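J.: So that we are looking at the same thing, I have put the structure below in structure tokens.
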Amino acid sequence: MSDPRPGGAFPRRVRIPRAARRRVLALVDRLPTGWFAGILTGLFLAVTAAFGGLEAAASAPVPDLAAGEEHRNRQFALTVERAVLIDELPGSGTSVSDGQRILAVVVTAENVWNRALPSAGASGVIGALHVAELEGEAATSVARLDDATLAPYLQPGVPAELVLTWAVDATTLSDGDVLHIDLRDFTLRTGRLITYGDSWGDPVTAAHLSVEIRDVGAGADSGSGSGSGEEGTG
């Protein structure tokens, strides 16, 4: 056979000294098994993400609910009962100015975690409801419907009927309009380095819900006017 290389010499096979091979094998044996798994996982994720595989797997359909249907997560079990427009709602924690009315959404909420949780705040029941028609504006206030306690803490396993209220322009919503509400889930985070303790954050939309608005006018025909928070929301 003729040699295609100038000079006519075949390339010599490079041999790795046996001692060097033993040192390499010994080094590999000392590496933790988890390192190999981590490297392979990283390569898999990089390739999968490059082809859109992760996005396809993560985009599970979001369920559509109706008023009266429960949505349950690790934090709350939430049931949106009804939505009403009313001229004013004493005891709700929300007041109106000229040209405004109150939108009230009644929600049954149960704390399904193992510690008391707030109904108010960005990660409470208020933060769990995102109303499309109000561009996601958080409710001004939340109160118990039975005794008008403002921003109550919810004890584990004890359902409470709450009323979330917004002051809205009188022309924004009308009787028979449909509210489109996103119910959002939060992730439990436990601080170990800079912060300590548990907190809920990173909201994601977990369910869509539609509820028709009922206009109850001044609300005088729906309650006794005692200011308990139940007036006009029944």
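Labels used: A, B, ... for chains in the order of the structure tokens, numbers from 1 for residues in each chain, and numbers from 1 for ligands as shown.
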Pull the alpha helix (DSSP H) assignments for range 38-209 of chain A out of DSSP run on the backbone, and list those residues as a PyMOL selection string.

T.: chain A and resi 38-50+53-58+125-128

J.: Would you mind exporting N, CA and C atoms of the selected residues as a compact mmCIF listing (two decimals), in the first residue's frame?

T.:
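The resulting file, out.txt, is reproduced below:
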# COMPACT_ATOMS: atom_id res chain seq x y z
N GLY A 38 -25.25 15.03 37.50
CA GLY A 38 -25.47 16.46 37.30
C GLY A 38 -25.05 16.91 35.91
N ILE A 39 -23.90 16.40 35.46
CA ILE A 39 -23.41 16.78 34.13
C ILE A 39 -24.38 16.29 33.05
N LEU A 40 -24.82 15.03 33.17
CA LEU A 40 -25.74 14.49 32.18
C LEU A 40 -27.07 15.22 32.21
N THR A 41 -27.56 15.56 33.43
CA THR A 41 -28.82 16.31 33.53
C THR A 41 -28.70 17.68 32.88
N GLY A 42 -27.57 18.34 33.14
CA GLY A 42 -27.36 19.65 32.53
C GLY A 42 -27.35 19.59 31.01
N LEU A 43 -26.67 18.57 30.47
CA LEU A 43 -26.65 18.41 29.01
C LEU A 43 -28.04 18.13 28.47
N PHE A 44 -28.80 17.29 29.18
CA PHE A 44 -30.16 16.96 28.74
C PHE A 44 -31.04 18.21 28.73
N LEU A 45 -30.97 19.00 29.80
CA LEU A 45 -31.80 20.21 29.87
C LEU A 45 -31.42 21.20 28.79
N ALA A 46 -30.12 21.33 28.53
CA ALA A 46 -29.69 22.28 27.51
C ALA A 46 -30.21 21.87 26.14
N VAL A 47 -30.11 20.58 25.83
CA VAL A 47 -30.58 20.11 24.52
C VAL A 47 -32.10 20.21 24.43
N THR A 48 -32.80 19.82 25.51
CA THR A 48 -34.26 19.86 25.50
C THR A 48 -34.77 21.28 25.36
N ALA A 49 -34.17 22.20 26.11
CA ALA A 49 -34.60 23.60 26.03
C ALA A 49 -34.34 24.17 24.64
N ALA A 50 -33.24 23.76 24.01
CA ALA A 50 -32.91 24.28 22.68
C ALA A 50 -33.98 23.90 21.66
N GLY A 53 -38.54 21.61 24.16
CA GLY A 53 -39.21 20.50 24.84
C GLY A 53 -39.75 20.87 26.20
N LEU A 54 -38.98 21.67 26.96
CA LEU A 54 -39.43 22.04 28.30
C LEU A 54 -40.66 22.91 28.24
N GLU A 55 -40.67 23.84 27.30
CA GLU A 55 -41.83 24.74 27.18
C GLU A 55 -43.09 23.94 26.88
N ALA A 56 -42.97 22.95 26.02
CA ALA A 56 -44.14 22.15 25.66
C ALA A 56 -44.63 21.36 26.86
N ALA A 57 -43.67 20.84 27.67
CA ALA A 57 -44.07 20.03 28.82
C ALA A 57 -44.69 20.87 29.91
N ALA A 58 -44.26 22.15 30.03
CA ALA A 58 -44.73 22.98 31.13
C ALA A 58 -46.06 23.65 30.84
N VAL A 125 -55.34 35.71 50.31
CA VAL A 125 -56.49 35.50 49.42
C VAL A 125 -56.60 36.66 48.42
N ILE A 126 -56.31 37.88 48.88
CA ILE A 126 -56.34 39.03 47.97
C ILE A 126 -55.42 38.81 46.78
N GLY A 127 -54.21 38.34 47.05
CA GLY A 127 -53.25 38.13 45.96
C GLY A 127 -53.59 36.97 45.06
N ALA A 128 -54.44 36.07 45.55
CA ALA A 128 -54.78 34.88 44.76
C ALA A 128 -55.80 35.17 43.67

J.: Could you name the residues that touch Leu183 in chain A at 6 Å or less, counting only C-alpha atoms, but leaving out those on the same chain fewer than 4 positions away, as number ranges by chain?

T.: A: 128-129, 205-207

J.: Applying 7 Å and only C-alpha atoms, which residues near Ala170 in chain A remain after dropping the ones on its own chain fewer than 2 positions away? List them as an MDAnalysis selection string.

T.: chainID A and resid 99:101 168 172:173

J.: Calculated over only C-alpha atoms, which of the candidates A:Arg115, A:Arg184, A:Arg82, A:His130 has the smallest distance to Val211 in chain A?

T.: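 Of the candidates, the smallest distance to Val211 in chain A is held by A:Arg82.
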
J.: For Ala104 in chain A, please output as a ChimeraX atom specification all residues within 6 Å (counting only C-alpha atoms; exclusion window: fewer than 5 positions along the same chain).

T.: /A:83-84,164-165

J.: Taking only C-alpha atoms into account, name the residue in A:Leu162, A:Leu65, A:Val216, A:Ala116 that is nearest to Leu145 in chain A.

T.: A:Leu162

J.: May I have all residues of range 58-217 of chain A that DSSP, computed from the backbone, assigns to strand (DSSP E or B), given as a ChimeraX atom specification?

T.: /A:64-66,70-72,76-86,100-111,117-118,129-131,141-144,150,153-154,156,160-169,178-191,197-215
